[in-house]
Amino acid sequence: MIFIFLGAPGAGKGTQADMAASSQGWIHLSTGDVLREEVAKESDLGQAANEYMSRGDLVPDRLMVDMVAGRLAELNVDDVLLLDGFPRSRPQAEALAEALKTRAGGSGGVGSALYFRAPESVLTARLLGRGRKDDREDVIQNRLRVYSETTEPLVAYYREQGLLVEIDADRTVEEIQADVLDRIGAVLPH
Ligand code: AMP
């Protein structure tokens with residue numbers, strides 16, 4: 001079963017997915033982490049993605065969908081996958097739904113979309129404190145803009161499907177983690 005970690009840059013999705021995956025034996029797929037590895041390896045994908053990432057723009061949907069489809073194909077039926085940073089656009093969300101529908105064997109569907117909410121001032125402060133290459137002030141502003149224009153509409157998309165779970169991400173890491181484990185546990189088959 002798949003759980004989508006949705007929310008603005010700096011909302012803490014990656015930290016939360018990492019903690020949950022390591023304590024529960026789940027799989028954490030961060031598309032941003034995979035892209036950063038590809039950039040470091042200077043692979044074809046990394047070279048294609050690099051300029052978009054350094055500007056804080058989205059990497060084209062086609063590249064992202066191919067990358068995630070490849071990972072989905074490797075899943076076992078009872079794996080729990082935490083999808084962190086994907087989908088990030090309507091076409092990506094539709095491609096994910098399509099891939100899950102047509103998968104032979106099946107990895108289960110989307111269990112829920114966890115939407116991490118925090119005020120913009122908190123997001124900016126966290127990003128500036130992190131010091132990643134794309135955490136410069138101008139790039140951060142662009143990433144937040146791209147998020148609100150292209151990714152945030154997915155909140156309504158998943159809400160309409162009855163899959164949205166809102167998480168208050170302006171709390172301590174431990175409080176948020178307890179909530180995350182509760183919300184996922186409530187959906188997983190026993
Ligand atoms: P993240 O680590 O999730 O903040 O992602 C870092 C950067 O990788 C983003 O600013 C995008 O340039 C790129 N990226 C990661 N995931 C995606 C995605 N699903 N679609 C497009 N670009 C992505």
# chains A, B, ... in the order shown; residues from 1 in each chain; ligands from 1
call {"tool": "residues_around", "arguments": {"residues": "Gly46 (chain A)", "least_positions_apart": "4", "cutoff": "12 Å", "atoms": "only C-alpha atoms", "output": "PyMOL selection string"}}
result
chain A and resi 31-42+50-54+59+63-64+67
call {"tool": "write_last_selection", "arguments": {"atoms": "N, CA and C atoms", "output": "CSV table (one decimal), in the first residue's frame"}}
result
chain,number,residue,atom,x,y,z
A,31,THR,N,11.8,11.3,-4.1
A,31,THR,CA,12.2,11.5,-5.5
A,31,THR,C,13.4,12.6,-5.5
A,32,GLY,N,13.3,13.5,-4.6
A,32,GLY,CA,14.4,14.5,-4.5
A,32,GLY,C,15.7,13.8,-4.2
A,33,ASP,N,15.7,12.9,-3.2
A,33,ASP,CA,17.0,12.1,-2.9
A,33,ASP,C,17.5,11.4,-4.1
A,34,VAL,N,16.6,10.7,-4.8
A,34,VAL,CA,17.0,9.9,-6.0
A,34,VAL,C,17.6,10.9,-7.0
A,35,LEU,N,17.0,12.0,-7.2
A,35,LEU,CA,17.5,13.0,-8.2
A,35,LEU,C,18.9,13.5,-7.8
A,36,ARG,N,19.0,13.8,-6.5
A,36,ARG,CA,20.4,14.3,-6.0
A,36,ARG,C,21.4,13.2,-6.2
A,37,GLU,N,21.1,11.9,-6.0
A,37,GLU,CA,22.1,10.9,-6.3
A,37,GLU,C,22.4,10.8,-7.8
A,38,GLU,N,21.4,11.0,-8.6
A,38,GLU,CA,21.7,10.9,-10.1
A,38,GLU,C,22.5,12.1,-10.5
A,39,VAL,N,22.3,13.3,-9.9
A,39,VAL,CA,23.1,14.4,-10.2
A,39,VAL,C,24.6,14.1,-9.8
A,40,ALA,N,24.8,13.6,-8.6
A,40,ALA,CA,26.1,13.3,-8.1
A,40,ALA,C,26.8,12.3,-9.0
A,41,LYS,N,26.1,11.3,-9.6
A,41,LYS,CA,26.7,10.3,-10.5
A,41,LYS,C,26.9,10.8,-11.9
A,42,GLU,N,26.3,12.0,-12.1
A,42,GLU,CA,26.3,12.6,-13.5
A,42,GLU,C,25.7,11.7,-14.5
A,50,ASN,N,19.5,18.5,-13.4
A,50,ASN,CA,20.3,19.4,-12.6
A,50,ASN,C,19.8,20.9,-12.7
A,51,GLU,N,19.6,21.3,-14.0
A,51,GLU,CA,19.3,22.8,-14.1
A,51,GLU,C,18.0,23.1,-13.5
A,52,TYR,N,17.0,22.2,-13.6
A,52,TYR,CA,15.7,22.5,-13.0
A,52,TYR,C,15.8,22.6,-11.5
A,53,MET,N,16.5,21.6,-11.0
A,53,MET,CA,16.7,21.6,-9.5
A,53,MET,C,17.4,22.8,-9.0
A,54,SER,N,18.4,23.3,-9.6
A,54,SER,CA,19.2,24.4,-9.1
A,54,SER,C,18.4,25.7,-9.2
A,59,VAL,N,11.3,19.1,-12.3
A,59,VAL,CA,11.9,18.3,-13.3
A,59,VAL,C,10.7,17.8,-14.2
A,63,LEU,N,10.0,12.5,-17.1
A,63,LEU,CA,11.2,11.9,-16.4
A,63,LEU,C,10.8,11.3,-15.1
A,64,MET,N,10.0,12.1,-14.3
A,64,MET,CA,9.6,11.7,-13.0
A,64,MET,C,8.7,10.5,-13.0
A,67,MET,N,10.7,7.4,-13.7
A,67,MET,CA,11.5,7.0,-12.5
A,67,MET,C,10.7,6.3,-11.5
call {"tool": "residues_near_ligand", "arguments": {"ligand": "ligand 1", "cutoff": "10 Å", "atoms": "only C-alpha atoms and all ligand atoms", "output": "ChimeraX atom specification"}}
result
/A:6-11,13-14,30-36,49-65,67-68,83-89,92-93,127,132-135,139-140,142-144,146-147,150-151
call {"tool": "select_by_dssp", "arguments": {"residues": "region 36-169 of chain A", "states": "helix (DSSP H, G or I)", "output": "PyMOL selection string"}}
result
chain A and resi 36-41+44-55+61-73+90-102+120-130+137-151+153-160
call {"tool": "atom_distance", "arguments": {"atom1": "CA of Glu166 (chain A)", "atom2": "CA of Ser22 (chain A)"}}
result
22.3 Å
call {"tool": "residues_around", "arguments": {"residues": "Val155 (chain A)", "least_positions_apart": "3", "cutoff": "8 Å", "atoms": "only C-alpha atoms", "output": "count of residues only"}}
result
7
call {"tool": "residues_around", "arguments": {"residues": "Arg171 (chain A)", "least_positions_apart": "5", "cutoff": "10 Å", "atoms": "only C-alpha atoms", "output": "ChimeraX atom specification"}}
result
/A:118,176-177
call {"tool": "write_last_selection", "arguments": {"atoms": "N, CA and C atoms", "output": "PDB file, in the first residue's frame"}}
result
ATOM      1  N   ALA A 118       2.113  23.721   7.454  1.00  0.00           N
ATOM      2  CA  ALA A 118       2.830  24.624   8.369  1.00  0.00           C
ATOM      3  C   ALA A 118       2.806  26.027   7.759  1.00  0.00           C
ATOM      4  N   ILE A 176       4.636  14.990  15.653  1.00  0.00           N
ATOM      5  CA  ILE A 176       4.183  14.762  14.279  1.00  0.00           C
ATOM      6  C   ILE A 176       4.325  13.280  13.937  1.00  0.00           C
ATOM      7  N   GLN A 177       5.442  12.672  14.345  1.00  0.00           N
ATOM      8  CA  GLN A 177       5.690  11.258  14.031  1.00  0.00           C
ATOM      9  C   GLN A 177       4.606  10.359  14.636  1.00  0.00           C
TER      10      GLN A 177
END
call {"tool": "select_by_dssp", "arguments": {"residues": "region 82-138 of chain A", "states": "strand (DSSP E or B)", "output": "list in words"}}
result
Leu82, Leu83, Asp84, Val110, Gly111, Ser112, Ala113, Leu114, Tyr115, Phe116 and Arg117 of chain A
call {"tool": "write_last_selection", "arguments": {"atoms": "N, CA, C and O atoms", "output": "short mmCIF file (atom, residue, chain, number, x, y, z; two decimals), in the first residue's frame"}}
result
data_model
loop_
_atom_site.label_atom_id
_atom_site.label_comp_id
_atom_site.auth_asym_id
_atom_site.auth_seq_id
_atom_site.Cartn_x
_atom_site.Cartn_y
_atom_site.Cartn_z
N LEU A 82 6.29 4.71 1.29
CA LEU A 82 6.05 6.13 1.61
C LEU A 82 6.63 6.95 0.47
O LEU A 82 7.85 6.96 0.24
N LEU A 83 5.74 7.60 -0.25
CA LEU A 83 6.14 8.33 -1.45
C LEU A 83 6.29 9.80 -1.07
O LEU A 83 5.30 10.49 -0.84
N ASP A 84 7.53 10.25 -1.02
CA ASP A 84 7.85 11.58 -0.49
C ASP A 84 8.34 12.48 -1.63
O ASP A 84 9.41 12.25 -2.18
N VAL A 110 -3.44 3.61 -3.27
CA VAL A 110 -3.06 4.67 -2.35
C VAL A 110 -3.89 4.52 -1.07
O VAL A 110 -5.12 4.52 -1.12
N GLY A 111 -3.21 4.35 0.06
CA GLY A 111 -3.90 4.23 1.35
C GLY A 111 -4.43 5.57 1.79
O GLY A 111 -5.60 5.72 2.14
N SER A 112 -3.57 6.58 1.77
CA SER A 112 -4.00 7.95 1.99
C SER A 112 -2.90 8.91 1.55
O SER A 112 -1.76 8.50 1.30
N ALA A 113 -3.29 10.18 1.46
CA ALA A 113 -2.33 11.24 1.17
C ALA A 113 -2.22 12.08 2.43
O ALA A 113 -3.21 12.69 2.87
N LEU A 114 -1.04 12.06 3.06
CA LEU A 114 -0.82 12.83 4.29
C LEU A 114 -0.35 14.22 3.92
O LEU A 114 0.71 14.37 3.30
N TYR A 115 -1.15 15.20 4.30
CA TYR A 115 -0.87 16.58 3.92
C TYR A 115 -0.29 17.32 5.12
O TYR A 115 -0.98 17.59 6.09
N PHE A 116 1.01 17.63 5.04
CA PHE A 116 1.74 18.31 6.12
C PHE A 116 1.60 19.81 5.97
O PHE A 116 2.06 20.39 5.01
N ARG A 117 0.93 20.42 6.96
CA ARG A 117 0.67 21.87 6.90
C ARG A 117 1.50 22.63 7.91
O ARG A 117 1.55 22.25 9.08
#
call {"tool": "atom_distance", "arguments": {"atom1": "CA of Asn76 (chain A)", "atom2": "CA of Ile167 (chain A)"}}
result
27.7 Å
